[in-house]
Each structure stands twice: as C-alpha cells, then as structure tokens.
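**Q** Attaching a single structure in structure tokens format; questions to follow.
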Amino acid sequence: GENVEQHPSTLSVQEGDSAVIKCTYSDSASNYFPWYKQELGKRPQLIIDIRSNVGEKKDQRIAVTLNKTAKHFSLHITETQPEDSAVYFCAAKPGGAGNMLTFGGGTRLMVKP
Amino acid sequence: GAVVSQHPSWVICKSGTSVKIECRSLDFQATTMFWYRQFPKQSLMLMATSNEGSKATYEQGVEKDKFLINHASLTLSTLTVTSAHPEDSSFYICSARHRDRTYEQYFGPGTRLTVT
C-alpha cells in the first residue's frame, strides 16, 4: 500500500521567514496530494491540494510543489505569522479505486513572534 | 460549504459499555465517509471507509465487530465502539467526501472518547 513520509517532524521559524515541509510517497500511481492544517484540539482543515497533472499550485502565502518523478511534494509557507503555528499533515491518495488518503506523520510548525 | 459535524464532541463511558458517534455532512451529500483515530501528537490513522448503503471496509488490524460502522444515508454515518475498554480512549475523527467533488475530504471536529 501507499506509504507517506513527512519531514521535519517539528519546525521552528521566526515570524516573517519561510517554512518548507516535505513529503515523499511510495505509490507512483497516487494522483492527489492535499495538505491539512490542524490546530490543537481541532479538526484538520484542507489548506491546499494538488493533482498529479500539475507541478505547482499557489494560494496567497502558501504553495505546493509536486515532483512525480521523484515522488515527493512540498508545502511552502512564505511570510509566516504566529497564527500559522499548527500541525501540518500531508496526504496522498493512491491511484485506482477508492478515495482513502494516506497521511504523513505530521509537522509541528512553531512561528516565533 | 462542505461542513461536517460530529456528535458528541466528547464522551466519558465505563468499561464494557458501548458508545455511538455520529458524523453528519450538513450541506452536502457524502457518498463516502471515513473514520480515523488519532492519538496525542500523532497522525491520523484510517480505521474504515464507509459507503452509503453498503458494508464498511476496515483497515488491517481494526476489529469490525468492535467498531461498528453504519452509513445509512448520504449525510449520516455512525461509529459504535462496542464493549469499550480504556485502550479505546482516543480522538475519533470522521471525514466525508463530497459527492460532486472528486477527491476532497472534509473533516468533522472529532470526538474525544475516554473510557474509565
């Protein structure tokens, strides 16, 4: 089955700096890669996603890049703010039937004011 | 749009009792709902996938007789933890896939279960 690895597990940046979180996946047929933000005790919120036919997608301060050949995708957050502090999860949807997601282990991002 | 609710948000029960958790898609129809379990500071672990009107598909290692899932309508799925034990204490989160959107999943707020 699909295996998703996420790095780093914790990331501390200064407010205004950029943050990058990286994920690798194992199933070359995976075709959908969402990123979720989860604040403490709350539900995961979809913040951005990318499909396998696209190499990059941007939404204001966040962007995701996908390298299908290398089977990795990354989340980029620019001009970080304290409210960006949360746990971020990447996920991959394996190809074929079914809509389940396989999640990475999560990255705890701390933005220091 | 795409709001998912869960009820209850937290529950405390005694060992041996059963607890039912509801997951509802409030403003959309969900052909598929997913149940996850999340331990503190850990990732989301998929327990089962439920499709409206059919039996749930359980992930390896998840006891289907212990975690009963029913997806009776396009807006409601339930998870019943039967004969609960302290090791079942966890944060249970559901998600729903919008019928008209290919891949996106929307999560409920979660239910914290504590078994004493």
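In the structure tokens, the first chain shown is A, the next is B, and so on; residue numbers restart at 1 for each chain, and ligands run from 1 in the order shown.
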If you count only C-alpha atoms, which residues fall within 10 Å of range 25-39 of chain B, apart from same-chain ones fewer than 2 positions away, as a count of residues only?
**A** 57
**Q** Compile the residues of chain A that lie within 7 Å of chain B, evaluated using only C-alpha atoms, and express the compilation as a ChimeraX atom specification.
**A** /A:42-44,99,103-106
**Q** How would the residues just picked look written out with all heavy atoms as a PDB file, in the first residue's frame?
**A**
```
ATOM      1  N   LYS A  42      -8.510  20.651  17.386  1.00  0.00           N
ATOM      2  CA  LYS A  42      -9.485  20.986  16.347  1.00  0.00           C
ATOM      3  C   LYS A  42      -9.377  20.042  15.157  1.00  0.00           C
ATOM      4  O   LYS A  42      -8.506  19.181  15.101  1.00  0.00           O
ATOM      5  CB  LYS A  42      -9.294  22.441  15.907  1.00  0.00           C
ATOM      6  CG  LYS A  42      -9.574  23.447  17.021  1.00  0.00           C
ATOM      7  CD  LYS A  42      -9.589  24.852  16.501  1.00  0.00           C
ATOM      8  CE  LYS A  42      -9.953  25.823  17.626  1.00  0.00           C
ATOM      9  NZ  LYS A  42     -10.006  27.231  17.145  1.00  0.00           N
ATOM     10  N   ARG A  43     -10.282  20.210  14.233  1.00  0.00           N
ATOM     11  CA  ARG A  43     -10.300  19.326  13.075  1.00  0.00           C
ATOM     12  C   ARG A  43      -9.217  19.715  12.076  1.00  0.00           C
ATOM     13  O   ARG A  43      -8.822  20.878  11.989  1.00  0.00           O
ATOM     14  CB  ARG A  43     -11.664  19.423  12.388  1.00  0.00           C
ATOM     15  CG  ARG A  43     -11.859  20.697  11.543  1.00  0.00           C
ATOM     16  CD  ARG A  43     -13.258  20.770  10.965  1.00  0.00           C
ATOM     17  NE  ARG A  43     -14.211  21.245  11.947  1.00  0.00           N
ATOM     18  CZ  ARG A  43     -15.532  21.099  11.822  1.00  0.00           C
ATOM     19  NH1 ARG A  43     -16.039  20.480  10.770  1.00  0.00           N
ATOM     20  NH2 ARG A  43     -16.344  21.569  12.748  1.00  0.00           N
ATOM     21  N   PRO A  44      -8.742  18.766  11.289  1.00  0.00           N
ATOM     22  CA  PRO A  44      -7.832  19.108  10.187  1.00  0.00           C
ATOM     23  C   PRO A  44      -8.595  19.929   9.151  1.00  0.00           C
ATOM     24  O   PRO A  44      -9.724  19.596   8.777  1.00  0.00           O
ATOM     25  CB  PRO A  44      -7.432  17.746   9.624  1.00  0.00           C
ATOM     26  CG  PRO A  44      -7.725  16.766  10.721  1.00  0.00           C
ATOM     27  CD  PRO A  44      -8.924  17.320  11.430  1.00  0.00           C
ATOM     28  N   ASN A  99     -11.142   6.121  -2.358  1.00  0.00           N
ATOM     29  CA  ASN A  99     -10.814   7.532  -2.152  1.00  0.00           C
ATOM     30  C   ASN A  99     -10.088   7.760  -0.838  1.00  0.00           C
ATOM     31  O   ASN A  99     -10.036   8.868  -0.349  1.00  0.00           O
ATOM     32  CB  ASN A  99     -12.096   8.361  -2.187  1.00  0.00           C
ATOM     33  CG  ASN A  99     -12.735   8.326  -3.554  1.00  0.00           C
ATOM     34  OD1 ASN A  99     -12.241   8.913  -4.489  1.00  0.00           O
ATOM     35  ND2 ASN A  99     -13.829   7.609  -3.661  1.00  0.00           N
ATOM     36  N   PHE A 103      -1.890   9.437   5.265  1.00  0.00           N
ATOM     37  CA  PHE A 103      -1.336  10.649   5.839  1.00  0.00           C
ATOM     38  C   PHE A 103       0.119  10.483   6.232  1.00  0.00           C
ATOM     39  O   PHE A 103       0.562   9.397   6.627  1.00  0.00           O
ATOM     40  CB  PHE A 103      -2.137  11.060   7.084  1.00  0.00           C
ATOM     41  CG  PHE A 103      -3.454  11.705   6.756  1.00  0.00           C
ATOM     42  CD1 PHE A 103      -4.570  10.932   6.487  1.00  0.00           C
ATOM     43  CD2 PHE A 103      -3.568  13.082   6.702  1.00  0.00           C
ATOM     44  CE1 PHE A 103      -5.785  11.521   6.166  1.00  0.00           C
ATOM     45  CE2 PHE A 103      -4.777  13.682   6.396  1.00  0.00           C
ATOM     46  CZ  PHE A 103      -5.884  12.897   6.113  1.00  0.00           C
ATOM     47  N   GLY A 104       0.852  11.577   6.127  1.00  0.00           N
ATOM     48  CA  GLY A 104       2.182  11.637   6.695  1.00  0.00           C
ATOM     49  C   GLY A 104       2.093  11.787   8.205  1.00  0.00           C
ATOM     50  O   GLY A 104       1.009  11.948   8.756  1.00  0.00           O
ATOM     51  N   GLY A 105       3.243  11.758   8.850  1.00  0.00           N
ATOM     52  CA  GLY A 105       3.268  11.774  10.301  1.00  0.00           C
ATOM     53  C   GLY A 105       3.011  13.127  10.939  1.00  0.00           C
ATOM     54  O   GLY A 105       2.817  13.210  12.146  1.00  0.00           O
ATOM     55  N   GLY A 106       3.004  14.171  10.140  1.00  0.00           N
ATOM     56  CA  GLY A 106       2.715  15.499  10.662  1.00  0.00           C
ATOM     57  C   GLY A 106       3.973  16.293  10.973  1.00  0.00           C
ATOM     58  O   GLY A 106       5.031  15.736  11.294  1.00  0.00           O
TER      59      GLY A 106
END
```
**Q** Go through A:Ala92, A:Ile62, A:Val4, A:Val87 one by one, measure the shortest atom-to-atom distance of each to Thr107 in chain A using only C-alpha atoms, and give the residue with the smallest value.
**A**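 Looking only at the distances to Thr107 in chain A, the closest residue turns out to be A:Val87.
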**Q** Looking only at the backbone, which of the residues in chain B does DSSP tag as strand (DSSP E), as a PyMOL selection string?
**A** chain B and resi 4-7+10-13+19-25+30-38+44-51+57-58+67-73+76-81+90-98+105-107+111-115
